[in-house]
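> Contents of run-v4.cif (mmCIF, C-alpha atoms and all ligand atoms) are below:
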```
data_run
loop_
_atom_site.label_atom_id
_atom_site.label_comp_id
_atom_site.auth_asym_id
_atom_site.auth_seq_id
_atom_site.Cartn_x
_atom_site.Cartn_y
_atom_site.Cartn_z
CA MET U 1 -23.20 -178.31 18.11
CA LYS U 2 -26.31 -178.31 20.28
CA ILE U 3 -25.38 -176.12 23.22
CA LEU U 4 -27.38 -175.80 26.45
CA ILE U 5 -26.88 -172.61 28.46
CA ILE U 6 -27.90 -172.63 32.12
CA GLY U 7 -29.22 -169.24 33.28
CA GLY U 8 -31.27 -166.38 31.92
CA GLY U 9 -29.53 -163.04 32.47
CA GLY U 10 -27.53 -160.62 30.35
CA ARG U 11 -24.43 -162.82 30.61
CA GLU U 12 -26.32 -165.83 29.29
CA HIS U 13 -27.81 -163.77 26.44
CA ALA U 14 -24.29 -162.65 25.51
CA ILE U 15 -23.01 -166.26 25.56
CA ALA U 16 -26.00 -167.34 23.43
CA TRP U 17 -25.49 -164.43 21.00
CA ARG U 18 -21.85 -165.34 20.42
CA LEU U 19 -22.46 -169.07 20.05
CA ALA U 20 -25.44 -168.52 17.71
CA LYS U 21 -23.22 -166.25 15.59
CA GLU U 22 -20.75 -169.15 15.34
CA GLY U 23 -23.59 -171.24 13.90
CA HIS U 24 -24.53 -173.40 16.89
CA LYS U 25 -28.01 -174.41 17.97
CA ILE U 26 -28.86 -172.77 21.28
CA TYR U 27 -31.04 -174.01 24.14
CA ALA U 28 -31.33 -172.17 27.44
CA ALA U 29 -32.76 -173.08 30.83
CA PRO U 30 -34.58 -170.92 31.69
CA GLY U 31 -33.30 -168.37 29.11
CA ASN U 32 -35.07 -165.06 28.50
CA PRO U 33 -36.99 -163.32 25.68
CA GLY U 34 -33.73 -162.09 24.10
CA ILE U 35 -32.35 -165.63 23.95
CA ALA U 36 -35.70 -166.86 22.56
CA GLU U 37 -35.00 -164.84 19.39
CA ILE U 38 -31.85 -166.88 18.66
CA GLY U 39 -32.59 -170.16 20.42
CA THR U 40 -35.08 -172.15 22.44
CA ASN U 41 -35.93 -171.59 26.09
CA LEU U 42 -36.66 -174.66 28.20
CA HIS U 43 -38.88 -174.99 31.26
CA ALA U 44 -36.93 -177.93 32.66
CA THR U 45 -33.87 -177.31 34.83
CA GLY U 46 -30.45 -178.98 35.20
CA LEU U 47 -30.21 -182.60 34.09
CA ASP U 48 -33.89 -182.65 33.09
CA ALA U 49 -33.19 -179.86 30.60
CA ALA U 50 -30.23 -181.85 29.26
CA LYS U 51 -32.37 -184.99 28.93
CA ALA U 52 -34.87 -183.01 26.85
CA VAL U 53 -32.34 -181.82 24.26
CA ASP U 54 -29.29 -184.14 24.55
CA PRO U 55 -26.74 -181.30 24.21
CA ASP U 56 -23.19 -181.72 22.89
CA LEU U 57 -22.08 -179.16 25.45
CA THR U 58 -23.52 -177.32 28.45
CA VAL U 59 -22.31 -173.92 29.69
CA VAL U 60 -23.29 -172.67 33.14
CA GLY U 61 -23.79 -168.92 33.64
CA PRO U 62 -24.52 -168.25 37.33
CA GLU U 63 -22.76 -169.38 40.49
CA ALA U 64 -25.67 -171.01 42.33
CA PRO U 65 -25.96 -174.19 40.19
CA LEU U 66 -22.15 -174.54 40.24
CA ALA U 67 -22.10 -174.30 44.04
CA GLN U 68 -24.87 -176.92 44.11
CA GLY U 69 -22.78 -179.36 42.08
CA ILE U 70 -24.29 -179.26 38.58
CA VAL U 71 -20.88 -180.04 37.03
CA ASP U 72 -20.47 -183.19 39.12
CA GLN U 73 -23.99 -184.32 38.13
CA PHE U 74 -23.45 -183.75 34.41
CA ARG U 75 -20.04 -185.43 34.45
CA ALA U 76 -21.52 -188.44 36.23
CA ALA U 77 -24.09 -188.61 33.42
CA GLY U 78 -21.32 -188.43 30.79
CA LEU U 79 -22.33 -184.96 29.55
CA PRO U 80 -19.61 -182.38 28.69
CA ILE U 81 -20.10 -179.23 30.78
CA VAL U 82 -18.08 -176.04 31.32
CA GLY U 83 -17.52 -175.15 34.96
CA PRO U 84 -15.85 -176.22 38.19
CA THR U 85 -16.84 -179.10 40.48
CA ARG U 86 -18.86 -178.33 43.58
CA GLU U 87 -15.67 -178.61 45.62
CA LEU U 88 -13.88 -175.94 43.57
CA ALA U 89 -16.95 -173.72 43.27
CA ARG U 90 -16.16 -173.01 46.93
CA LEU U 91 -13.54 -170.57 45.63
CA GLU U 92 -16.56 -168.30 45.17
CA ALA U 93 -19.12 -169.85 47.51
CA SER U 94 -16.87 -169.63 50.59
CA LYS U 95 -14.69 -166.56 51.07
CA ILE U 96 -12.95 -168.40 53.93
CA TYR U 97 -12.03 -171.30 51.61
CA ALA U 98 -10.69 -168.83 49.02
CA LYS U 99 -8.60 -166.89 51.56
CA VAL U 100 -7.12 -170.06 53.06
CA LEU U 101 -6.14 -171.30 49.59
CA MET U 102 -4.61 -167.92 48.68
CA GLN U 103 -2.61 -167.88 51.90
CA ARG U 104 -1.34 -171.42 51.27
CA LEU U 105 -0.26 -170.58 47.71
CA GLY U 106 1.14 -167.14 48.49
CA VAL U 107 -1.37 -165.47 46.13
CA PRO U 108 -1.32 -161.69 46.76
CA THR U 109 -4.46 -160.62 48.64
CA ALA U 110 -5.48 -158.31 51.50
CA ARG U 111 -4.19 -159.16 55.01
CA PHE U 112 -7.05 -160.89 56.83
CA VAL U 113 -8.40 -162.64 59.89
CA LEU U 114 -11.02 -165.43 59.81
CA VAL U 115 -13.59 -165.59 62.59
CA GLU U 116 -16.35 -168.05 63.43
CA ASN U 117 -18.40 -165.97 65.89
CA VAL U 118 -19.40 -162.38 66.53
CA GLU U 119 -17.35 -161.95 69.73
CA ALA U 120 -14.17 -163.06 67.99
CA GLY U 121 -15.06 -160.71 65.13
CA ILE U 122 -15.39 -157.70 67.41
CA GLU U 123 -12.10 -158.60 69.09
CA ALA U 124 -10.30 -159.04 65.76
CA LEU U 125 -11.21 -155.50 64.71
CA SER U 126 -8.46 -154.20 67.02
CA GLN U 127 -5.95 -155.54 64.48
CA PHE U 128 -7.20 -153.16 61.77
CA HIS U 129 -7.47 -149.42 61.27
CA PRO U 130 -10.69 -148.37 59.50
CA PRO U 131 -11.64 -148.48 56.74
CA VAL U 132 -11.88 -152.25 56.99
CA ALA U 133 -13.66 -154.80 54.80
CA ILE U 134 -16.09 -157.19 56.53
CA LYS U 135 -17.19 -160.17 54.40
CA ALA U 136 -19.77 -162.86 55.06
CA ASP U 137 -18.47 -166.34 54.24
CA GLY U 138 -21.20 -167.60 51.88
CA LEU U 139 -22.80 -166.61 48.56
CA ALA U 140 -24.61 -163.29 48.99
CA THR U 141 -25.20 -161.89 45.46
CA GLY U 142 -22.99 -158.89 46.11
CA LYS U 143 -24.59 -158.02 49.45
CA GLY U 144 -22.16 -159.88 51.71
CA VAL U 145 -19.43 -157.23 51.88
CA ILE U 146 -19.43 -154.05 53.97
CA ILE U 147 -16.62 -151.51 53.85
CA ALA U 148 -16.75 -149.97 57.34
CA ARG U 149 -15.37 -146.45 57.70
CA THR U 150 -15.36 -146.35 61.52
CA ILE U 151 -15.00 -148.87 64.36
CA GLU U 152 -18.70 -148.43 65.16
CA GLU U 153 -19.65 -149.26 61.57
CA ALA U 154 -17.27 -152.22 61.64
CA GLU U 155 -18.84 -153.61 64.82
CA ALA U 156 -22.30 -153.20 63.34
CA ALA U 157 -21.13 -154.96 60.15
CA VAL U 158 -19.74 -157.88 62.15
CA ARG U 159 -23.12 -158.28 63.85
CA THR U 160 -25.05 -157.98 60.58
CA LEU U 161 -22.92 -160.30 58.45
CA GLY U 162 -21.63 -162.78 61.06
CA PRO U 163 -21.01 -165.30 62.50
CA ARG U 164 -18.57 -166.70 59.88
CA LEU U 165 -16.55 -163.82 58.51
CA VAL U 166 -13.44 -162.66 56.74
CA ILE U 167 -12.20 -159.36 58.14
CA GLU U 168 -9.61 -157.76 55.93
CA GLU U 169 -7.46 -154.76 55.33
CA PHE U 170 -8.90 -152.10 53.01
CA LEU U 171 -7.06 -151.87 49.70
CA SER U 172 -7.18 -148.81 47.53
CA GLY U 173 -6.71 -148.60 43.81
CA GLU U 174 -8.66 -149.38 40.68
CA GLU U 175 -10.48 -152.69 40.31
CA ALA U 176 -10.15 -155.01 37.33
CA SER U 177 -11.81 -158.29 36.34
CA PHE U 178 -9.38 -160.89 34.99
CA ILE U 179 -11.15 -163.94 33.56
CA VAL U 180 -9.65 -167.10 32.11
CA LEU U 181 -11.07 -170.32 30.70
CA SER U 182 -9.32 -173.45 32.00
CA ASP U 183 -9.38 -177.15 31.17
CA GLY U 184 -7.78 -178.07 34.50
CA ARG U 185 -4.19 -177.63 33.32
CA ARG U 186 -4.08 -175.10 30.49
CA PHE U 187 -5.92 -171.81 30.35
CA THR U 188 -6.56 -168.91 28.01
CA ALA U 189 -7.42 -165.37 29.13
CA PHE U 190 -9.99 -162.86 28.00
CA ASP U 191 -8.79 -159.30 27.78
CA VAL U 192 -9.27 -157.40 31.03
CA SER U 193 -12.53 -155.66 31.91
CA GLN U 194 -13.76 -153.34 34.59
CA ASP U 195 -17.12 -153.47 36.37
CA HIS U 196 -19.01 -150.55 37.99
CA LYS U 197 -20.38 -152.06 41.18
CA THR U 198 -22.20 -149.18 42.81
CA LEU U 199 -25.55 -147.75 41.76
CA GLY U 200 -24.45 -144.12 41.61
CA GLU U 201 -22.10 -142.21 39.36
CA GLY U 202 -18.57 -141.62 40.67
CA ASP U 203 -18.75 -144.98 42.52
CA THR U 204 -21.28 -143.80 45.08
CA GLY U 205 -24.39 -145.38 46.58
CA PRO U 206 -25.22 -149.00 47.35
CA ASN U 207 -23.47 -151.98 45.76
CA THR U 208 -25.29 -153.79 42.95
CA GLY U 209 -24.58 -156.84 40.81
CA GLY U 210 -22.86 -154.42 38.39
CA MET U 211 -24.20 -151.33 36.58
CA GLY U 212 -21.96 -151.51 33.55
CA ALA U 213 -18.59 -152.70 32.33
CA TYR U 214 -16.03 -152.02 29.68
CA SER U 215 -13.19 -154.04 28.24
CA ASP U 216 -10.12 -152.33 26.93
CA GLY U 217 -6.59 -153.58 26.33
CA ARG U 218 -5.23 -150.56 28.17
CA ILE U 219 -6.67 -151.40 31.62
CA LEU U 220 -3.58 -153.50 32.38
CA GLY U 221 -0.19 -153.35 30.69
CA SER U 222 1.31 -156.58 29.36
CA SER U 223 3.75 -156.88 32.28
CA GLU U 224 0.85 -156.51 34.74
CA VAL U 225 -1.10 -159.18 32.87
CA GLN U 226 1.90 -161.50 33.11
CA ARG U 227 2.18 -160.80 36.83
CA VAL U 228 -1.50 -161.67 37.36
CA ILE U 229 -0.98 -164.92 35.47
CA ASP U 230 2.23 -165.85 37.29
CA THR U 231 1.21 -164.94 40.85
CA ILE U 232 -2.54 -165.64 40.80
CA ILE U 233 -3.98 -167.67 37.92
CA GLU U 234 -1.22 -170.19 37.33
CA PRO U 235 -0.75 -171.20 41.01
CA VAL U 236 -4.49 -171.65 41.57
CA ILE U 237 -5.08 -173.71 38.42
CA SER U 238 -1.97 -175.86 38.71
CA THR U 239 -2.69 -176.66 42.38
CA THR U 240 -6.42 -177.26 42.17
CA GLY U 241 -7.00 -178.43 38.59
CA PHE U 242 -9.80 -175.87 38.34
CA THR U 243 -11.99 -176.22 35.21
CA GLY U 244 -14.28 -173.59 33.66
CA PHE U 245 -14.16 -169.82 34.01
CA LEU U 246 -11.94 -168.51 36.78
CA TYR U 247 -12.55 -164.84 37.49
CA ALA U 248 -10.07 -162.96 39.68
CA GLY U 249 -11.53 -159.71 41.01
CA LEU U 250 -8.39 -157.61 41.40
CA MET U 251 -7.43 -154.44 43.15
CA MET U 252 -4.54 -152.81 41.30
CA THR U 253 -2.67 -151.44 44.33
CA SER U 254 0.52 -149.40 44.28
CA SER U 255 2.34 -152.63 45.21
CA GLY U 256 0.78 -154.64 42.35
CA PRO U 257 -2.40 -156.64 41.73
CA ARG U 258 -4.09 -158.28 44.71
CA VAL U 259 -7.14 -160.54 44.75
CA LEU U 260 -10.35 -159.17 46.31
CA GLU U 261 -12.37 -162.25 45.40
CA PHE U 262 -12.58 -165.21 43.08
CA ASN U 263 -15.67 -166.03 41.05
CA VAL U 264 -16.05 -169.36 39.30
CA ARG U 265 -17.98 -168.11 36.24
CA LEU U 266 -18.08 -165.23 33.82
CA GLY U 267 -18.90 -161.87 35.42
CA ASP U 268 -22.10 -160.09 34.58
CA PRO U 269 -22.06 -157.42 33.04
CA GLU U 270 -18.37 -158.08 32.20
CA ALA U 271 -19.34 -161.02 29.95
CA GLN U 272 -21.43 -158.71 27.78
CA ALA U 273 -18.44 -156.43 27.15
CA ILE U 274 -15.80 -159.14 26.71
CA LEU U 275 -17.88 -161.36 24.43
CA HIS U 276 -18.76 -158.33 22.27
CA ARG U 277 -15.00 -157.82 21.88
CA LEU U 278 -14.09 -161.43 21.19
CA ASP U 279 -12.44 -161.65 17.78
CA ASP U 280 -14.28 -163.48 14.99
CA SER U 281 -11.18 -165.67 14.48
CA THR U 282 -11.80 -167.27 17.90
CA ASP U 283 -13.73 -170.53 17.95
CA PHE U 284 -15.47 -169.84 21.25
CA ALA U 285 -17.61 -172.99 21.16
CA GLY U 286 -14.48 -175.01 20.41
CA ALA U 287 -12.66 -173.45 23.37
CA LEU U 288 -15.62 -174.24 25.64
CA LEU U 289 -15.80 -177.87 24.50
CA GLN U 290 -12.04 -178.22 24.97
CA SER U 291 -12.36 -176.80 28.49
CA ALA U 292 -15.06 -179.38 29.24
CA THR U 293 -13.02 -182.28 27.83
CA GLY U 294 -9.55 -181.40 29.15
CA SER U 295 -8.08 -180.61 25.74
CA LEU U 296 -7.75 -176.82 25.56
CA ARG U 297 -5.86 -175.60 22.48
CA GLU U 298 -7.95 -172.67 21.25
CA GLN U 299 -6.92 -169.17 22.37
CA LEU U 300 -9.41 -166.44 23.23
CA ARG U 301 -8.46 -163.47 21.04
CA SER U 302 -9.93 -160.02 21.71
CA LYS U 303 -10.37 -157.29 19.10
CA PHE U 304 -8.41 -154.09 19.56
CA ASP U 305 -11.60 -152.01 19.71
CA PRO U 306 -12.76 -151.40 23.30
CA SER U 307 -16.34 -152.29 24.25
CA VAL U 308 -18.77 -150.79 26.73
CA CYS U 309 -21.92 -152.24 28.32
CA VAL U 310 -24.36 -149.88 30.07
CA VAL U 311 -26.88 -151.62 32.32
CA LEU U 312 -30.42 -150.24 32.36
CA ALA U 313 -32.01 -151.11 35.70
CA ALA U 314 -35.59 -150.87 36.97
CA SER U 315 -36.51 -148.37 39.66
CA GLY U 316 -36.12 -149.85 43.12
CA TYR U 317 -32.99 -151.83 42.16
CA PRO U 318 -30.82 -152.98 43.99
CA GLY U 319 -33.74 -153.30 46.42
CA LYS U 320 -37.08 -154.67 45.22
CA PRO U 321 -37.38 -153.64 41.55
CA ARG U 322 -40.59 -152.34 40.01
CA THR U 323 -41.76 -154.71 37.24
CA GLY U 324 -44.33 -154.78 34.43
CA ASP U 325 -43.28 -151.55 32.66
CA PRO U 326 -43.36 -151.77 28.83
CA ILE U 327 -39.95 -151.44 27.16
CA GLN U 328 -39.74 -149.44 23.94
CA GLY U 329 -37.01 -149.09 21.36
CA ILE U 330 -35.20 -152.45 21.37
CA SER U 331 -35.64 -152.99 17.62
CA GLU U 332 -34.57 -149.40 16.80
CA CYS U 333 -31.45 -149.59 19.00
CA ARG U 334 -28.25 -149.74 16.93
CA ALA U 335 -26.15 -151.02 19.82
CA GLN U 336 -26.35 -154.70 20.85
CA VAL U 337 -29.16 -155.17 23.37
CA PHE U 338 -28.60 -158.03 25.82
CA GLN U 339 -31.73 -158.83 27.79
CA ALA U 340 -31.79 -159.78 31.47
CA GLY U 341 -34.84 -158.90 33.60
CA THR U 342 -37.44 -158.95 30.80
CA ARG U 343 -40.59 -160.92 29.99
CA ILE U 344 -43.29 -160.92 27.34
CA GLY U 345 -46.41 -159.29 28.76
CA SER U 346 -49.81 -158.62 27.20
CA ARG U 347 -48.50 -155.42 25.59
CA GLY U 348 -45.18 -156.87 24.43
CA ILE U 349 -41.81 -156.85 26.13
CA GLU U 350 -41.75 -155.50 29.67
CA THR U 351 -39.51 -155.19 32.74
CA ALA U 352 -39.32 -158.25 35.00
CA GLY U 353 -36.27 -157.80 37.21
CA GLY U 354 -33.63 -155.46 38.61
CA ARG U 355 -31.11 -155.33 35.79
CA VAL U 356 -33.32 -155.17 32.71
CA LEU U 357 -31.04 -154.67 29.68
CA GLY U 358 -27.33 -154.34 28.88
CA ILE U 359 -26.71 -151.94 25.98
CA THR U 360 -23.37 -152.91 24.48
CA ALA U 361 -21.22 -151.37 21.74
CA SER U 362 -17.61 -151.19 20.60
CA GLY U 363 -15.65 -148.36 19.02
CA ARG U 364 -12.21 -147.65 17.55
CA ASP U 365 -11.20 -146.06 20.85
CA LEU U 366 -12.76 -146.02 24.31
CA SER U 367 -14.40 -142.66 23.81
CA SER U 368 -16.17 -143.87 20.64
CA ALA U 369 -17.23 -147.10 22.36
CA ILE U 370 -18.77 -145.03 25.18
CA SER U 371 -20.57 -142.74 22.68
CA ASN U 372 -21.87 -145.72 20.72
CA ALA U 373 -23.21 -147.43 23.84
CA TYR U 374 -24.94 -144.27 25.11
CA ALA U 375 -26.40 -143.58 21.65
CA GLY U 376 -27.94 -147.04 22.03
CA VAL U 377 -29.26 -146.14 25.49
CA GLU U 378 -31.00 -143.07 23.98
CA ALA U 379 -33.11 -145.37 21.80
CA ILE U 380 -34.54 -147.31 24.77
CA HIS U 381 -37.30 -146.25 27.11
CA PHE U 382 -39.14 -147.68 30.09
CA ASP U 383 -40.59 -145.79 33.04
CA ASN U 384 -38.14 -144.79 35.77
CA MET U 385 -35.17 -146.41 34.01
CA GLN U 386 -32.01 -146.05 36.11
CA TYR U 387 -28.51 -146.10 34.68
CA ARG U 388 -25.07 -144.63 35.26
CA ARG U 389 -23.83 -142.02 32.82
CA ASP U 390 -20.15 -142.61 33.59
CA ILE U 391 -19.56 -146.20 32.44
CA GLY U 392 -16.01 -146.46 31.06
CA ARG U 393 -15.09 -142.91 31.99
CA LYS U 394 -12.33 -144.02 34.38
CA GLY U 395 -10.55 -145.63 31.44
CA LEU U 396 -10.34 -142.43 29.40
CA LYS U 397 -7.23 -141.30 31.27
CA ARG U 398 -5.39 -144.15 29.53
CA TRP U 399 -6.37 -142.62 26.17
CA PRO U 400 -4.62 -139.23 26.06
CA PRO U 401 -6.48 -136.77 23.81
CA ALA U 402 -4.97 -136.53 20.33
CA THR U 403 -2.71 -133.52 19.99
CA ILE U 404 -4.60 -130.74 18.29
CA GLU U 405 -2.56 -129.56 15.35
CA ALA U 406 -2.15 -125.81 15.04
CA THR U 407 -3.84 -124.67 11.86
CA GLY U 408 -1.62 -121.82 10.66
CA THR U 409 -3.15 -119.13 8.49
P1 LIG C 501 -15.96 -158.91 46.93
O1 LIG C 501 -17.31 -159.57 46.77
O2 LIG C 501 -15.10 -159.56 47.94
O3 LIG C 501 -15.28 -158.64 45.62
O4 LIG C 501 -16.30 -157.44 47.44
C1 LIG C 501 -17.23 -156.61 46.76
C2 LIG C 501 -16.63 -155.26 46.54
O5 LIG C 501 -16.25 -154.68 47.78
C3 LIG C 501 -15.35 -155.27 45.70
O6 LIG C 501 -15.62 -155.27 44.34
C4 LIG C 501 -14.70 -153.99 46.16
O7 LIG C 501 -15.30 -152.86 45.52
C5 LIG C 501 -15.05 -153.94 47.62
N1 LIG C 501 -13.98 -154.58 48.42
C6 LIG C 501 -13.92 -155.87 48.81
N2 LIG C 501 -12.81 -156.10 49.53
C7 LIG C 501 -12.14 -154.95 49.61
C8 LIG C 501 -10.91 -154.56 50.22
N3 LIG C 501 -10.16 -155.41 50.91
N4 LIG C 501 -10.52 -153.27 50.05
C9 LIG C 501 -11.28 -152.39 49.35
N5 LIG C 501 -12.45 -152.70 48.76
C10 LIG C 501 -12.88 -153.97 48.88
N1 LIG C 502 -19.99 -158.15 37.93
C1 LIG C 502 -19.45 -158.85 39.03
C2 LIG C 502 -19.83 -160.25 39.09
O1 LIG C 502 -20.33 -160.82 38.15
O2 LIG C 502 -19.63 -160.85 40.13
#
```
Translate the structure of the given file into structure tokens.


Amino acid sequence: MKILIIGGGGREHAIAWRLAKEGHKIYAAPGNPGIAEIGTNLHATGLDAAKAVDPDLTVVGPEAPLAQGIVDQFRAAGLPIVGPTRELARLEASKIYAKVLMQRLGVPTARFVLVENVEAGIEALSQFHPPVAIKADGLATGKGVIIARTIEEAEAAVRTLGPRLVIEEFLSGEEASFIVLSDGRRFTAFDVSQDHKTLGEGDTGPNTGGMGAYSDGRILGSSEVQRVIDTIIEPVISTTGFTGFLYAGLMMTSSGPRVLEFNVRLGDPEAQAILHRLDDSTDFAGALLQSATGSLREQLRSKFDPSVCVVLAASGYPGKPRTGDPIQGISECRAQVFQAGTRIGSRGIETAGGRVLGITASGRDLSSAISNAYAGVEAIHFDNMQYRRDIGRKGLKRWPPATIEATGT
């Protein structure tokens, strides 16, 4: 098939990598230098890009075009496309819409109050004990949520993020990303992954788009997976007819999984880890086309081997990143390098954005996957590269060390 990918980050490179491996012809708008090695980047956007190449299928990476209605436009033009309608993209684009739907369907989530102005927000804070989560209603690329530790911080957050807000109870536990592909009625799940949202090791520092991810069949047990499907995924899809990738950002609380947020696309960097782990027996392009045409039969099968993606970010990220630094070592790197914020400069490949590369590897256990990914990181250099050294480490507790046999003499 001729497949058009909308976007140009690490997630889109991972989608392109997988689909090229399955033998498909890849176009991307706008794409990136990594995608250019396995496909063709286009200058045109949206429907204009589709008119230029007449794709058999279009896959949308980021949320913004979905929220702007790209799926409705392509469908009106008779072009198969993977993703939700503009209406259902509100599951991500409006936190208020998502909370109201969850409440109506009884989907487990944090207790919350919706407010439409700052005064009501300040007043509503009396119903919570800090810490409390304050969330702006609209798309905010990860910057629309503040976890306030005191009432003073909460009031300041209401003023900063308002007027339209979700104020919700703080949930503690480990987070997990649960992503399915749906055709509007049926769905098939990727294995679970876990993101690392903050810049600093040990989950400290400012929030980012994601500094690394791993996917490992041990993050959730099979009964927990079933519970997520029965209480979250199934009710949302059967009620709304959602098509495309539905991503439930979960908090695994002591009373079971609860939804922190929905996204209407693959996560990034999660996509890099989960697509690296997708079993060769899966026809991913087939599953995508079936999602777009309402005929899903293919199952997404993950390999046993866990995978790890370490994001290499430019200095300054998540604020204004420094750009234009030459990147060395990509061709020597033995891990899979997914490109994101890169461009071709006069001296070759150089940094061009906040998250620059995703270094991704698998291994026979989580510890080996981590070692393989960091061995890949060692091969890469650009000035003032920032990355976390603890990607995947939280998962190691689910892999008890092998018993060391006594060696009698
Ligand atoms: P969201 O965009 O709603 O997923 O929020 C971004 C991040 O803020 C999440 O990944 C969590 O780390 C954190 N967060 C959001 N809501 C809560 C909550 N109710 N309790 C604890 N942490 C939260
Ligand atoms: N990595 C989180 C996201 O894609 O929203």

> Residues around (-24.2, -166.3, 17.8), cut-off 12 Å, counting all atoms listed in the file - what are they as number ranges by chain?

U: 3, 12-26, 35, 37-39, 275-276, 278, 280, 283-285

> Using all atoms listed in the file, which residues sit within 9 Å of Val113 of chain U once same-chain residues fewer than 3 positions away are excluded, as an MDAnalysis selection string?

chainID U and resid 121 124 127 165:168

> Can you list, as number ranges by chain, every protein, DNA or RNA residue that comes within 10 Å of Thr293 of chain U when you count only C-alpha atoms, leaving out same-chain residues fewer than 6 positions away?

U: 57, 79-82, 183-184, 243, 287

> Which chain U residues have any atom within 10 Å of an atom of ligand LIG 502 (chain C), and for each, what is the nearest pair of atoms with distance in Å to one decimal, counting all atoms listed in the file, rows sorted by chain and number, as a Markdown table?


```
| residue | atom | partner | partner_atom | distance |
| --- | --- | --- | --- | --- |
| U:Arg11 | CA | C:LIG502 | O1 | 8.8 |
| U:Gly61 | CA | C:LIG502 | O1 | 9.9 |
| U:Pro62 | CA | C:LIG502 | O1 | 8.6 |
| U:Glu63 | CA | C:LIG502 | O2 | 9.1 |
| U:Glu92 | CA | C:LIG502 | O2 | 9.5 |
| U:Thr141 | CA | C:LIG502 | O2 | 7.8 |
| U:Gly142 | CA | C:LIG502 | O2 | 7.1 |
| U:Ser177 | CA | C:LIG502 | C1 | 8.1 |
| U:Ser193 | CA | C:LIG502 | N1 | 9.9 |
| U:Gln194 | CA | C:LIG502 | N1 | 8.6 |
| U:Asp195 | CA | C:LIG502 | N1 | 5.7 |
| U:His196 | CA | C:LIG502 | N1 | 7.7 |
| U:Lys197 | CA | C:LIG502 | N1 | 6.9 |
| U:Thr208 | CA | C:LIG502 | N1 | 8.5 |
| U:Gly209 | CA | C:LIG502 | N1 | 5.6 |
| U:Gly210 | CA | C:LIG502 | N1 | 4.7 |
| U:Met211 | CA | C:LIG502 | N1 | 8.1 |
| U:Gly212 | CA | C:LIG502 | N1 | 8.2 |
| U:Ala213 | CA | C:LIG502 | N1 | 7.9 |
| U:Tyr247 | CA | C:LIG502 | O2 | 8.5 |
| U:Ala248 | CA | C:LIG502 | O2 | 9.8 |
| U:Gly249 | CA | C:LIG502 | C1 | 8.2 |
| U:Glu261 | CA | C:LIG502 | O2 | 9.1 |
| U:Phe262 | CA | C:LIG502 | O2 | 8.8 |
| U:Asn263 | CA | C:LIG502 | O2 | 6.6 |
| U:Val264 | CA | C:LIG502 | O2 | 9.3 |
| U:Arg265 | CA | C:LIG502 | O1 | 7.9 |
| U:Leu266 | CA | C:LIG502 | O1 | 6.6 |
| U:Gly267 | CA | C:LIG502 | O1 | 3.3 |
| U:Asp268 | CA | C:LIG502 | O1 | 4.1 |
| U:Pro269 | CA | C:LIG502 | N1 | 5.4 |
| U:Glu270 | CA | C:LIG502 | N1 | 6.0 |
| U:Ala271 | CA | C:LIG502 | O1 | 8.3 |
```

> Got a sec to check which residues lie within 6 Å of ligand LIG 501 (chain C), using all atoms listed in the file, and send them as a CSV table (one decimal) with C-alpha atoms, in the frame of the given file?


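Written out: selection_22.csv:
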```csv
chain,number,residue,atom,x,y,z
U,110,ALA,CA,-5.5,-158.3,51.5
U,133,ALA,CA,-13.7,-154.8,54.8
U,142,GLY,CA,-23.0,-158.9,46.1
U,145,VAL,CA,-19.4,-157.2,51.9
U,168,GLU,CA,-9.6,-157.8,55.9
U,169,GLU,CA,-7.5,-154.8,55.3
U,170,PHE,CA,-8.9,-152.1,53.0
U,171,LEU,CA,-7.1,-151.9,49.7
U,172,SER,CA,-7.2,-148.8,47.5
U,260,LEU,CA,-10.4,-159.2,46.3
U,261,GLU,CA,-12.4,-162.2,45.4
```

> Between U:Pro326, U:Pro306, U:Pro108, U:Pro131, which residue has the minimum interatomic distance to Ser362 of chain U, considering all atoms listed in the file?

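For Ser362 of chain U, the nearest of the given residues is U:Pro306.
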
> Between U:Arg149, U:Arg86, U:Arg343, U:Arg159, which is the closest to Ile122 of chain U once you count all atoms listed in the file?

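Result for the nearest residue to Ile122 of chain U: U:Arg159.
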
> Write out as number ranges by chain each polymer residue whose atoms come within 9 Å of Pro257 of chain U, counting all atoms listed in the file; drop sequence neighbours fewer than 4 positions from it.

U: 108-109, 224, 227-228, 250-253

> Using atom CA of Val71 of chain U and atom CA of Ile233 of chain U as the two end points, give the distance in Å to one decimal.

21.0 Å

> Rank nothing, just name the residue among U:Thr231, U:Thr40, U:Asn207, U:Ser238 nearest to Ile147 of chain U, using only C-alpha atoms.

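Checking each of U:Thr231, U:Thr40, U:Asn207, U:Ser238 against Ile147 of chain U, counting only C-alpha atoms, the winner is U:Asn207.
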
> To one decimal in Å, tell me the separation between atom CA of Ser367 of chain U and atom CA of Arg393 of chain U.

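Atom CA of Ser367 of chain U sits 8.2 Å away from atom CA of Arg393 of chain U.
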
> Could you work out how far atom CA of Val132 of chain U lies from atom CA of Gln103 of chain U, giving the answer in Å with one decimal?

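Result for atom CA of Gln103 of chain U versus atom CA of Val132 of chain U: 18.9 Å, one decimal.
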
> For Gln73 of chain U, which of U:Gly354, U:Gly46, U:Pro400, U:Gly316 is the closest residue, counting all atoms listed in the file?

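Among U:Gly354, U:Gly46, U:Pro400, U:Gly316, it is U:Gly46 that comes nearest to Gln73 of chain U.
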
> Could you check the closest approach to Asp203 of chain U for each of U:Ala373, U:Ile391, U:Ala273, U:Ala44 and tell me which residue wins, using only C-alpha atoms?

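Going through U:Ala373, U:Ile391, U:Ala273, U:Ala44 one by one, the smallest distance to Asp203 of chain U is for U:Ile391.
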